[in-house]
$ cat structure.csv   # CSV, C-alpha atoms
chain,number,residue,atom,x,y,z
X,1,MET,CA,0.0,0.0,0.0
X,2,THR,CA,1.2,3.6,-0.7
X,3,ASP,CA,1.0,6.4,1.8
X,4,GLN,CA,-2.2,7.4,0.2
X,5,SER,CA,-3.9,4.0,0.6
X,6,LEU,CA,-4.4,2.7,4.1
X,7,SER,CA,-6.0,-0.3,5.8
X,8,LYS,CA,-8.7,0.3,8.4
X,9,VAL,CA,-6.2,-0.8,11.1
X,10,GLN,CA,-3.7,1.8,10.0
X,11,ALA,CA,-6.4,4.5,9.9
X,12,ARG,CA,-7.4,3.6,13.4
X,13,ARG,CA,-3.9,3.9,14.7
X,14,ILE,CA,-3.5,7.3,13.0
X,15,ALA,CA,-6.7,8.5,14.7
X,16,LEU,CA,-5.6,7.1,18.1
X,17,ARG,CA,-2.3,8.9,17.8
X,18,ALA,CA,-3.9,12.1,16.9
X,19,GLN,CA,-6.3,11.9,19.8
X,20,GLY,CA,-3.5,11.4,22.4
X,21,PHE,CA,-3.9,7.7,23.1
X,22,LEU,CA,-0.5,6.8,21.6
X,23,PRO,CA,2.2,6.5,22.8
X,24,GLN,CA,0.6,4.5,25.5
X,25,ARG,CA,-0.6,6.4,28.6
X,26,ARG,CA,2.2,6.7,31.2
X,27,SER,CA,1.7,6.5,35.0
X,28,LEU,CA,2.5,10.1,35.9
X,29,LYS,CA,3.3,10.9,39.5
X,30,ARG,CA,2.2,14.5,39.0
X,31,VAL,CA,0.1,16.1,36.3
X,32,ASP,CA,0.8,19.8,35.8
X,33,LYS,CA,-0.3,22.4,33.3
X,34,ARG,CA,2.2,21.1,30.7
X,35,HIS,CA,0.4,17.8,30.6
X,36,LEU,CA,-3.0,19.6,30.4
X,37,ASP,CA,-1.7,21.8,27.5
X,38,GLY,CA,-0.5,18.6,25.8
X,39,VAL,CA,-3.9,17.1,25.8
X,40,PHE,CA,-5.5,20.3,24.4
X,41,GLU,CA,-2.7,20.4,21.8
X,42,GLN,CA,-4.0,17.1,20.5
X,43,VAL,CA,-7.8,17.2,21.1
X,44,SER,CA,-8.2,21.0,20.8
X,45,LEU,CA,-11.2,21.1,23.2
X,46,LEU,CA,-13.0,19.2,25.9
X,47,GLN,CA,-16.8,18.7,25.9
X,48,ILE,CA,-18.5,19.6,29.2
X,49,ASP,CA,-21.7,17.8,30.3
X,50,SER,CA,-23.8,18.0,33.4
X,51,VAL,CA,-24.4,14.3,33.9
X,52,ASN,CA,-22.5,13.2,36.9
X,53,VAL,CA,-23.6,9.5,37.4
X,54,LEU,CA,-19.9,8.5,37.1
X,55,ASP,CA,-18.0,11.7,36.9
X,56,ARG,CA,-18.0,14.9,34.7
X,57,ALA,CA,-17.3,14.1,31.1
X,58,HIS,CA,-14.2,16.3,30.7
X,59,TYR,CA,-12.6,14.7,33.8
X,60,LEU,CA,-13.2,11.3,32.3
X,61,THR,CA,-11.8,12.4,28.9
X,62,LEU,CA,-8.6,13.5,30.7
X,63,PHE,CA,-8.4,10.4,32.7
X,64,ALA,CA,-8.5,8.3,29.6
X,65,ARG,CA,-5.3,10.1,28.4
X,66,LEU,CA,-3.5,11.0,31.6
X,67,GLY,CA,-4.5,8.3,34.1
X,68,ALA,CA,-5.1,8.9,37.8
X,69,TYR,CA,-4.3,12.6,37.9
X,70,ASP,CA,-5.1,15.0,40.7
X,71,LYS,CA,-8.4,16.7,39.9
X,72,ALA,CA,-7.6,19.6,42.2
X,73,THR,CA,-4.6,20.5,40.0
X,74,VAL,CA,-6.8,20.4,36.9
X,75,ASP,CA,-9.5,22.5,38.6
X,76,ARG,CA,-7.0,25.2,39.4
X,77,HIS,CA,-6.3,25.6,35.7
X,78,LEU,CA,-9.8,24.9,34.2
X,79,HIS,CA,-12.3,26.0,36.8
X,80,GLU,CA,-10.9,28.3,39.4
X,81,VAL,CA,-13.0,31.5,39.4
X,82,SER,CA,-11.0,34.5,38.2
X,83,LYS,CA,-11.0,37.4,40.5
X,84,SER,CA,-9.1,40.6,40.8
X,85,GLY,CA,-8.0,40.6,37.2
X,86,ALA,CA,-6.6,37.1,37.1
X,87,GLN,CA,-6.7,35.9,33.6
X,88,LYS,CA,-7.5,32.4,32.4
X,89,ALA,CA,-5.6,30.1,30.0
X,90,TYR,CA,-8.8,28.3,29.0
X,91,PHE,CA,-12.4,29.5,28.4
X,92,GLU,CA,-15.8,28.0,28.0
X,93,TYR,CA,-17.9,28.4,24.9
X,94,TRP,CA,-19.9,26.5,22.3
X,95,GLY,CA,-17.2,24.5,20.5
X,96,HIS,CA,-18.5,21.0,20.1
X,97,GLU,CA,-21.5,21.6,22.3
X,98,ALA,CA,-20.5,23.3,25.6
X,99,SER,CA,-16.7,23.0,25.7
X,100,LEU,CA,-13.5,24.0,27.4
X,101,LEU,CA,-11.0,25.5,24.9
X,102,PRO,CA,-7.6,27.3,25.0
X,103,VAL,CA,-7.9,31.0,25.0
X,104,SER,CA,-5.9,31.1,21.7
X,105,LEU,CA,-9.1,29.9,20.0
X,106,TYR,CA,-11.2,32.8,21.2
X,107,PRO,CA,-10.7,35.0,18.0
X,108,ALA,CA,-11.7,32.0,15.9
X,109,LEU,CA,-15.1,31.8,17.7
X,110,THR,CA,-16.1,35.5,17.8
X,111,TRP,CA,-18.0,35.0,14.5
X,112,ARG,CA,-20.3,32.6,16.3
X,113,MET,CA,-20.8,35.2,19.0
X,114,GLU,CA,-21.6,37.9,16.4
X,115,ARG,CA,-24.1,35.6,14.8
X,116,ALA,CA,-25.8,35.1,18.2
X,117,ARG,CA,-26.0,38.9,18.6
X,118,GLN,CA,-27.9,38.9,15.3
X,119,HIS,CA,-30.2,36.1,16.7
X,120,GLN,CA,-28.7,33.5,14.4
X,121,GLY,CA,-27.4,30.1,15.5
X,122,VAL,CA,-29.0,30.4,19.0
X,123,TRP,CA,-31.8,28.2,20.4
X,124,GLY,CA,-35.0,29.6,19.0
X,125,ASN,CA,-36.7,30.1,22.4
X,126,LEU,CA,-33.6,31.7,23.8
X,127,SER,CA,-33.5,34.2,21.0
X,128,ARG,CA,-37.2,34.9,21.2
X,129,TYR,CA,-37.0,35.6,24.9
X,130,ALA,CA,-34.1,38.1,24.3
X,131,LYS,CA,-36.0,39.9,21.7
X,132,GLU,CA,-39.1,40.2,23.9
X,133,ASN,CA,-37.2,41.1,27.1
X,134,PRO,CA,-34.3,43.5,26.3
X,135,ASP,CA,-34.7,45.1,29.7
X,136,VAL,CA,-34.0,41.9,31.5
X,137,ILE,CA,-30.9,41.2,29.2
X,138,ASN,CA,-29.5,44.7,29.8
X,139,SER,CA,-30.2,44.6,33.6
X,140,VAL,CA,-28.4,41.3,34.0
X,141,LEU,CA,-25.4,42.6,31.9
X,142,GLU,CA,-25.2,45.7,34.0
X,143,GLU,CA,-25.3,43.7,37.2
X,144,ILE,CA,-22.5,41.4,36.0
X,145,GLY,CA,-20.5,44.5,35.2
X,146,ALA,CA,-21.0,46.0,38.6
X,147,ARG,CA,-20.7,42.9,40.8
X,148,GLY,CA,-19.1,40.1,38.8
X,149,PRO,CA,-18.1,37.3,38.9
X,150,LEU,CA,-21.6,36.1,39.7
X,151,CYS,CA,-23.6,32.9,39.3
X,152,VAL,CA,-27.3,32.8,38.6
X,153,SER,CA,-28.3,32.5,42.3
X,154,ASP,CA,-26.3,35.7,43.0
X,155,LEU,CA,-28.4,37.8,40.8
X,156,GLU,CA,-31.1,39.9,42.3
X,157,ARG,CA,-33.7,39.5,39.6
X,158,ARG,CA,-35.8,36.4,39.9
X,159,GLY,CA,-38.4,35.2,37.3
X,160,SER,CA,-41.2,32.6,37.6
X,161,ARG,CA,-40.1,29.1,36.6
X,162,SER,CA,-41.4,27.4,33.6
X,163,GLY,CA,-41.4,23.8,32.6
X,164,SER,CA,-40.6,24.6,29.0
X,165,TRP,CA,-37.4,26.3,30.2
X,166,TRP,CA,-36.2,23.3,32.3
X,167,GLY,CA,-36.9,25.3,35.4
X,168,TRP,CA,-34.8,28.3,34.2
X,169,ASN,CA,-35.7,31.7,35.6
X,170,ASP,CA,-35.3,35.1,33.9
X,171,SER,CA,-31.7,35.5,35.1
X,172,LYS,CA,-30.6,32.1,33.8
X,173,ILE,CA,-32.1,32.7,30.4
X,174,ALA,CA,-30.5,36.2,30.2
X,175,LEU,CA,-27.1,34.7,31.3
X,176,GLU,CA,-27.3,32.0,28.6
X,177,PHE,CA,-28.1,34.5,25.9
X,178,LEU,CA,-25.3,37.0,27.0
X,179,PHE,CA,-22.9,34.1,27.2
X,180,TRP,CA,-23.7,32.9,23.7
X,181,CYS,CA,-23.2,36.5,22.4
X,182,GLY,CA,-19.9,36.8,24.1
X,183,HIS,CA,-21.0,39.8,26.2
X,184,ILE,CA,-20.0,37.8,29.3
X,185,VAL,CA,-17.8,34.8,29.7
X,186,ALA,CA,-17.3,32.0,32.2
X,187,ALA,CA,-15.0,33.2,35.0
X,188,GLY,CA,-14.8,29.7,36.4
X,189,ARG,CA,-16.9,27.1,38.3
X,190,GLN,CA,-17.5,26.0,41.9
X,191,ALA,CA,-19.1,22.6,42.4
X,192,PHE,CA,-19.8,22.8,38.7
X,193,THR,CA,-21.8,26.0,39.1
X,194,ARG,CA,-20.7,28.5,36.4
X,195,TYR,CA,-19.7,32.0,37.4
X,196,TYR,CA,-19.9,34.8,34.8
X,197,ASP,CA,-18.0,38.1,34.3
X,198,LEU,CA,-17.0,40.5,31.6
X,199,PRO,CA,-14.5,39.3,29.1
X,200,GLU,CA,-12.0,42.0,29.9
X,201,ARG,CA,-11.8,40.8,33.5
X,202,VAL,CA,-11.2,37.2,32.6
X,203,LEU,CA,-9.4,36.8,29.3
X,204,PRO,CA,-5.9,38.0,28.5
X,205,ALA,CA,-5.8,41.5,27.0
X,206,ALA,CA,-3.5,40.2,24.2
X,207,ILE,CA,-6.3,37.8,23.2
X,208,LEU,CA,-9.1,40.3,23.3
X,209,GLY,CA,-6.9,42.8,21.4
X,210,GLN,CA,-6.5,40.4,18.4
X,211,PRO,CA,-8.8,41.2,15.5
X,212,ALA,CA,-11.7,38.8,15.2
X,213,LEU,CA,-11.4,36.3,12.4
X,214,ASP,CA,-13.9,36.6,9.6
X,215,SER,CA,-16.1,33.6,9.1
X,216,HIS,CA,-14.1,32.1,6.3
X,217,GLU,CA,-10.7,32.3,8.1
X,218,ALA,CA,-12.3,31.1,11.3
X,219,HIS,CA,-13.7,28.0,9.5
X,220,ARG,CA,-10.4,27.4,7.9
X,221,GLN,CA,-8.6,27.5,11.2
X,222,LEU,CA,-11.2,25.3,13.0
X,223,MET,CA,-11.3,22.8,10.1
X,224,ALA,CA,-7.5,22.5,10.2
X,225,LEU,CA,-7.6,21.9,13.9
X,226,ALA,CA,-10.3,19.3,13.5
X,227,ALA,CA,-8.1,17.5,10.9
X,228,LYS,CA,-5.1,17.6,13.2
X,229,SER,CA,-7.2,16.2,16.1
X,230,HIS,CA,-8.7,13.5,14.0
X,231,GLY,CA,-5.6,12.7,12.0
X,232,ILE,CA,-7.8,11.3,9.3
X,233,GLY,CA,-11.4,11.7,8.4
X,234,SER,CA,-14.2,12.8,6.0
X,235,GLU,CA,-15.5,16.3,5.5
X,236,LYS,CA,-18.4,15.4,7.8
X,237,CYS,CA,-15.9,14.2,10.5
X,238,LEU,CA,-14.0,17.5,10.3
X,239,ARG,CA,-17.0,19.8,10.4
X,240,ASP,CA,-18.7,18.0,13.2
X,241,TYR,CA,-15.7,18.5,15.5
X,242,PHE,CA,-16.6,22.2,16.0
X,243,ARG,CA,-20.2,21.8,14.8
X,244,LEU,CA,-19.7,23.8,11.6
X,245,SER,CA,-22.3,24.2,8.9
X,246,PRO,CA,-21.8,22.2,5.6
X,247,ASP,CA,-21.4,25.4,3.5
X,248,GLY,CA,-18.8,27.0,5.7
X,249,ALA,CA,-16.8,23.8,6.0
X,250,ARG,CA,-16.8,22.9,2.3
X,251,GLN,CA,-15.6,26.3,1.3
X,252,THR,CA,-12.4,25.8,3.4
X,253,LEU,CA,-11.5,22.3,2.2
X,254,GLY,CA,-10.1,23.6,-1.0
X,255,SER,CA,-7.9,26.1,0.8
X,256,LEU,CA,-6.6,23.4,3.2
X,257,LEU,CA,-5.8,21.1,0.3
X,258,GLU,CA,-4.0,23.9,-1.7
X,259,GLU,CA,-1.9,24.8,1.4
X,260,GLY,CA,-1.0,21.2,2.0
X,261,ILE,CA,-2.5,21.1,5.4
X,262,ILE,CA,-4.5,18.1,4.4
X,263,GLU,CA,-4.1,15.6,1.6
X,264,PRO,CA,-6.5,13.1,0.0
X,265,VAL,CA,-6.3,9.5,1.2
X,266,GLU,CA,-8.0,6.2,0.7
X,267,VAL,CA,-9.0,3.8,3.5
X,268,GLU,CA,-10.1,0.2,3.0
X,269,GLY,CA,-13.9,0.0,3.6
X,270,TRP,CA,-14.4,3.7,4.2
X,271,GLN,CA,-16.1,5.6,1.4
X,272,GLY,CA,-14.4,8.9,0.5
X,273,PRO,CA,-13.4,11.5,-0.1
X,274,LEU,CA,-11.2,11.3,3.0
X,275,TYR,CA,-8.4,13.5,4.2
X,276,ARG,CA,-5.2,13.1,6.2
X,277,HIS,CA,-3.6,15.9,8.2
X,278,LYS,CA,0.0,16.6,7.1
X,279,GLU,CA,1.3,16.0,10.7
X,280,ALA,CA,-0.6,12.7,11.2
X,281,SER,CA,1.7,9.8,11.9
X,282,LEU,CA,1.2,6.1,11.7
X,283,PRO,CA,2.3,4.1,14.8
X,284,ALA,CA,3.7,0.7,14.2
X,285,ARG,CA,1.5,-0.8,16.9
X,286,ALA,CA,-1.2,0.2,19.4
X,287,THR,CA,-1.2,-0.7,23.1
X,288,CYS,CA,-4.1,1.5,24.2
X,289,GLN,CA,-6.2,0.8,27.3
X,290,ALA,CA,-8.9,3.2,28.2
X,291,LEU,CA,-12.6,3.6,29.2
X,292,LEU,CA,-14.2,6.3,27.0
X,293,ALA,CA,-16.8,8.7,28.4
X,294,PRO,CA,-19.9,9.1,26.1
X,295,PHE,CA,-18.7,12.6,25.3
X,296,ASP,CA,-15.0,11.7,24.6
X,297,SER,CA,-13.8,13.4,21.4
X,298,LEU,CA,-12.6,10.1,19.9
X,299,ILE,CA,-16.3,9.0,19.6
X,300,TRP,CA,-18.2,12.2,19.1
X,301,TYR,CA,-19.2,11.4,15.5
X,302,ARG,CA,-21.0,8.1,15.8
X,303,ASP,CA,-21.0,7.3,12.0
X,304,ARG,CA,-17.2,7.7,12.1
X,305,VAL,CA,-16.9,5.3,15.1
X,306,GLU,CA,-19.1,2.7,13.3
X,307,THR,CA,-17.1,2.9,10.1
X,308,LEU,CA,-13.6,3.1,11.5
X,309,PHE,CA,-13.9,0.9,14.6
X,310,ASP,CA,-16.8,-1.4,13.5
X,311,PHE,CA,-18.5,-0.4,16.7
X,312,ARG,CA,-22.1,0.9,16.8
X,313,TYR,CA,-22.5,3.2,19.8
X,314,ARG,CA,-25.5,5.3,20.9
X,315,ILE,CA,-26.1,7.2,24.2
X,316,GLU,CA,-29.1,5.7,25.9
X,317,ILE,CA,-29.5,8.3,28.7
X,318,TYR,CA,-32.7,9.6,27.3
X,319,VAL,CA,-34.0,6.1,26.3
X,320,PRO,CA,-36.7,4.7,28.6
X,321,LYS,CA,-35.1,2.1,30.9
X,322,GLU,CA,-37.1,-0.8,29.5
X,323,LYS,CA,-35.9,0.0,25.9
X,324,ARG,CA,-32.2,0.4,26.7
X,325,GLN,CA,-29.9,-2.2,25.1
X,326,TYR,CA,-26.7,-1.7,27.1
X,327,GLY,CA,-27.5,0.6,30.0
X,328,TYR,CA,-27.8,4.2,31.2
X,329,TYR,CA,-24.2,5.6,31.2
X,330,VAL,CA,-22.2,3.3,29.0
X,331,LEU,CA,-18.5,3.6,28.3
X,332,PRO,CA,-16.8,1.8,25.4
X,333,PHE,CA,-13.5,0.1,26.3
X,334,LEU,CA,-10.5,0.8,24.0
X,335,MET,CA,-8.0,-2.0,24.0
X,336,GLY,CA,-5.1,-2.1,21.5
X,337,ASP,CA,-6.6,-0.4,18.4
X,338,ARG,CA,-10.2,-1.7,18.9
X,339,LEU,CA,-13.3,-0.9,20.9
X,340,VAL,CA,-13.8,-4.4,22.4
X,341,ALA,CA,-16.4,-3.9,25.1
X,342,ARG,CA,-18.9,-1.5,26.8
X,343,LEU,CA,-19.7,-1.1,30.5
X,344,ASP,CA,-22.6,0.6,32.2
X,345,LEU,CA,-20.9,2.3,35.2
X,346,LYS,CA,-21.9,4.4,38.2
X,347,ALA,CA,-20.0,5.9,41.1
X,348,ASN,CA,-21.9,4.9,44.2
X,349,ARG,CA,-20.3,7.5,46.4
X,350,GLN,CA,-22.5,6.8,49.5
X,351,GLU,CA,-21.2,3.3,49.7
X,352,GLY,CA,-17.8,3.9,48.1
X,353,ILE,CA,-18.4,1.5,45.3
X,354,LEU,CA,-17.7,1.6,41.6
X,355,GLU,CA,-20.8,-0.2,40.2
X,356,VAL,CA,-20.6,-2.2,37.0
X,357,PHE,CA,-24.3,-2.7,36.2
X,358,ALA,CA,-23.6,-4.4,32.8
X,359,ALA,CA,-20.6,-5.6,30.8
X,360,HIS,CA,-20.9,-6.5,27.1
X,361,GLY,CA,-18.1,-7.7,24.9
X,362,GLU,CA,-17.9,-7.4,21.1
X,363,GLN,CA,-17.9,-10.5,18.9
X,364,GLY,CA,-14.7,-12.4,18.5
X,365,ILE,CA,-12.9,-11.0,21.5
X,366,ASP,CA,-10.8,-13.1,24.0
X,367,LYS,CA,-13.1,-12.6,27.0
X,368,GLY,CA,-10.4,-13.6,29.5
X,369,LYS,CA,-7.9,-11.1,28.2
X,370,VAL,CA,-10.4,-8.3,27.8
X,371,ALA,CA,-11.8,-9.0,31.3
X,372,ASP,CA,-8.3,-8.9,32.8
X,373,ALA,CA,-7.5,-5.6,31.1
X,374,LEU,CA,-10.9,-4.1,32.2
X,375,ALA,CA,-10.4,-5.2,35.8
X,376,THR,CA,-7.0,-3.3,35.9
X,377,GLU,CA,-8.6,-0.2,34.3
X,378,LEU,CA,-11.6,-0.3,36.7
X,379,ALA,CA,-9.2,-0.6,39.7
X,380,LEU,CA,-7.3,2.4,38.5
X,381,MET,CA,-10.5,4.4,38.0
X,382,ALA,CA,-11.9,3.4,41.4
X,383,GLY,CA,-8.7,4.5,43.2
X,384,TRP,CA,-8.7,7.8,41.3
X,385,MET,CA,-12.3,8.4,42.3
X,386,GLY,CA,-11.7,7.4,45.9
X,387,LEU,CA,-14.0,4.4,45.7
X,388,GLY,CA,-12.8,1.3,47.7
X,389,THR,CA,-14.7,-1.5,46.0
X,390,ILE,CA,-15.7,-2.6,42.5
X,391,ARG,CA,-19.1,-4.4,42.3
X,392,VAL,CA,-19.8,-6.3,39.1
X,393,GLY,CA,-23.5,-7.1,38.2
X,394,THR,CA,-24.8,-10.0,36.2
X,395,GLU,CA,-26.0,-8.2,33.1
X,396,GLY,CA,-24.1,-8.8,29.8
X,397,ASP,CA,-22.1,-11.6,28.3
X,398,LEU,CA,-18.9,-10.3,29.7
X,399,SER,CA,-20.0,-9.9,33.3
X,400,SER,CA,-19.1,-13.3,34.6
X,401,SER,CA,-15.5,-13.1,33.2
X,402,LEU,CA,-15.2,-9.6,34.5
X,403,GLY,CA,-16.4,-10.5,37.9
X,404,GLU,CA,-13.8,-13.2,38.2
X,405,ALA,CA,-11.0,-10.9,37.0
X,406,VAL,CA,-12.0,-8.3,39.6
X,407,ASN,CA,-12.0,-10.9,42.3
X,408,ARG,CA,-8.4,-11.9,41.4
X,409,LEU,CA,-7.1,-8.3,41.9
$ encode --input "structure.csv" --output "structure tokens"
Amino acid sequence: MTDQSLSKVQARRIALRAQGFLPQRRSLKRVDKRHLDGVFEQVSLLQIDSVNVLDRAHYLTLFARLGAYDKATVDRHLHEVSKSGAQKAYFEYWGHEASLLPVSLYPALTWRMERARQHQGVWGNLSRYAKENPDVINSVLEEIGARGPLCVSDLERRGSRSGSWWGWNDSKIALEFLFWCGHIVAAGRQAFTRYYDLPERVLPAAILGQPALDSHEAHRQLMALAAKSHGIGSEKCLRDYFRLSPDGARQTLGSLLEEGIIEPVEVEGWQGPLYRHKEASLPARATCQALLAPFDSLIWYRDRVETLFDFRYRIEIYVPKEKRQYGYYVLPFLMGDRLVARLDLKANRQEGILEVFAAHGEQGIDKGKVADALATELALMAGWMGLGTIRVGTEGDLSSSLGEAVNRL
């Protein structure tokens, strides 16, 4: 095969290297900002999600790449609330859904903020509320300016709750709209509660002083980052990474090809056109071992996962219990260069137990080897989360082997 024609196994290894899984995760005694920056250098952004049945999604994404790091250290860099002019190295915004991003990407997302100010690209109900209640929007912005950083419960204005707004009051709705528009930014979080402040009090002046990128250049930069973080992928893979529109993404592909940032490539069993980033490397072997959160960037685009890894994965959080196939909060297990199993997990913090409600293996796996590797990974996760016991249920074809492997630890 030439460099432009790859097997599916080779394509998987390129993708795993690009996403920070290769070389194999090391056991780090101390994780500092250099390691955190290294993860962002590869994945570009971390998705945030409120579900906490196991742990927050971005913590799990980092765990899959860094191992048992100290969350307090990560929180100081990602979530500590900025006060007295302290400026952050990361910020929150709509990247791939709600995300944490390096501040260097702020100019590449101001076009999205400007669209929001024009009531474009914002949830319809949110935009409608802002149009109908400009006094509330302005009042909340003034209060943030006078008293920030503030969370929603700090604001004086209170509105009646409405089921259609998931229990949001007027202040919460106003904050979300202002945040989308970039008039306010996240100053940090405490117990996952977001605090808001004005951009000039949170973000570095050097970043705010940069000219905003126009839509075309922003799309070009974001598509290039998506290609780097994927290593290899289709146009749909690349534009999904930052949730870009088809038109905006397609216009930039030609530029990236002309500049040599991406190049056409063929992959066995994967319909093209496909593209490989110029810096993407092909590891000789893959020795990965990681449990992937449902919101891990390796598995964001489900069609890509199904094609590249031969693994059909869907989140069943919103599926009625009786209709779920694999469970509520299911994590795929990456072993070598394959997704070989999936576990329905929960952190039972009251009893100090990591619960494995169900364990399902993929066809053709060596259940004994997979169970042993999973037991080791679960022990690492349980220790990292401060849970003393692993309890394996009986659901799934892998549960018996896994239970035996856990008992041997």
$ closest_atom_pairs --input "structure.csv" --of "region 1-65 of chain X" --to "region 207-228 of chain X" --cutoff "10 Å" --atoms "all atoms listed in the file" --output "Markdown table"
| residue | atom | partner | partner_atom | distance |
| --- | --- | --- | --- | --- |
| X:Ala15 | CA | X:Lys228 | CA | 9.4 |
| X:Ala18 | CA | X:Lys228 | CA | 6.7 |
| X:Gln19 | CA | X:Lys228 | CA | 8.8 |
| X:Glu41 | CA | X:Lys228 | CA | 9.4 |
| X:Gln42 | CA | X:Lys228 | CA | 7.4 |
| X:Val43 | CA | X:Ala226 | CA | 8.3 |
| X:Ser44 | CA | X:Leu225 | CA | 7.0 |
| X:Leu45 | CA | X:Ala226 | CA | 9.9 |
$ residues_around --input "structure.csv" --residues "Gly182 (chain X)" --least-positions-apart "4" --cutoff "12 Å" --atoms "only C-alpha atoms" --output "VMD selection string"
chain X and resid 91 to 94 106 to 107 109 to 117 141 175 to 178 186 196 to 200 203 208
$ residues_around --input "structure.csv" --residues "Val370 (chain X)" --least-positions-apart "6" --cutoff "9 Å" --atoms "only C-alpha atoms" --output "VMD selection string"
chain X and resid 335 340 to 341 361 398 401 to 402
$ closest_residue --input "structure.csv" --among "X:Gly233, X:Gly388, X:Pro23, X:Pro246" --to "Arg285 (chain X)" --atoms "only C-alpha atoms"
X:Pro23
$ closest_residue --input "structure.csv" --among "X:His58, X:Ile299, X:Leu308, X:Val53" --to "Asp344 (chain X)" --atoms "all atoms listed in the file"
X:Val53
$ residues_around --input "structure.csv" --residues "Phe40 (chain X)" --least-positions-apart "2" --cutoff "12 Å" --atoms "all atoms listed in the file" --output "PyMOL selection string"
chain X and resi 18-20+33-38+42-47+58+61-62+65-66+78+89-90+99-105+225-226+228-229+297
$ residues_around --input "structure.csv" --residues "Thr376 (chain X)" --least-positions-apart "6" --cutoff "9 Å" --atoms "all atoms listed in the file" --output "list in words"
Ala405, Val406 and Leu409 of chain X
$ atom_distance --input "structure.csv" --atom1 "CA of Leu253 (chain X)" --atom2 "CA of Arg239 (chain X)"
10.2 Å
$ closest_residue --input "structure.csv" --among "X:Pro332, X:Lys236, X:Leu54, X:Leu298" --to "Leu387 (chain X)" --atoms "only C-alpha atoms"
X:Leu54
$ residues_near_point --input "structure.csv" --point "(-5.3, 0.1, 28.7)" --cutoff "12 Å" --atoms "all atoms listed in the file" --output "count of residues only"
40
$ atom_distance --input "structure.csv" --atom1 "CA of Tyr318 (chain X)" --atom2 "CA of Asn125 (chain X)"
21.5 Å
$ closest_residue --input "structure.csv" --among "X:Val202, X:Ala72, X:Ile184, X:Ile173" --to "Gly145 (chain X)" --atoms "only C-alpha atoms"
X:Ile184
$ residues_around --input "structure.csv" --residues "Val356 (chain X)" --least-positions-apart "3" --cutoff "9 Å" --atoms "all atoms listed in the file" --output "ChimeraX atom specification"
/X:343-346,359,390-395,399
$ atom_distance --input "structure.csv" --atom1 "CA of Pro283 (chain X)" --atom2 "CA of Ile232 (chain X)"
13.6 Å
$ closest_residue --input "structure.csv" --among "X:Lys71, X:Lys278, X:Arg243, X:Arg314" --to "Val330 (chain X)" --atoms "only C-alpha atoms"
X:Arg314
$ closest_residue --input "structure.csv" --among "X:Ala130, X:Ile261, X:Ile144, X:Ala280" --to "Arg17 (chain X)" --atoms "only C-alpha atoms"
X:Ala280
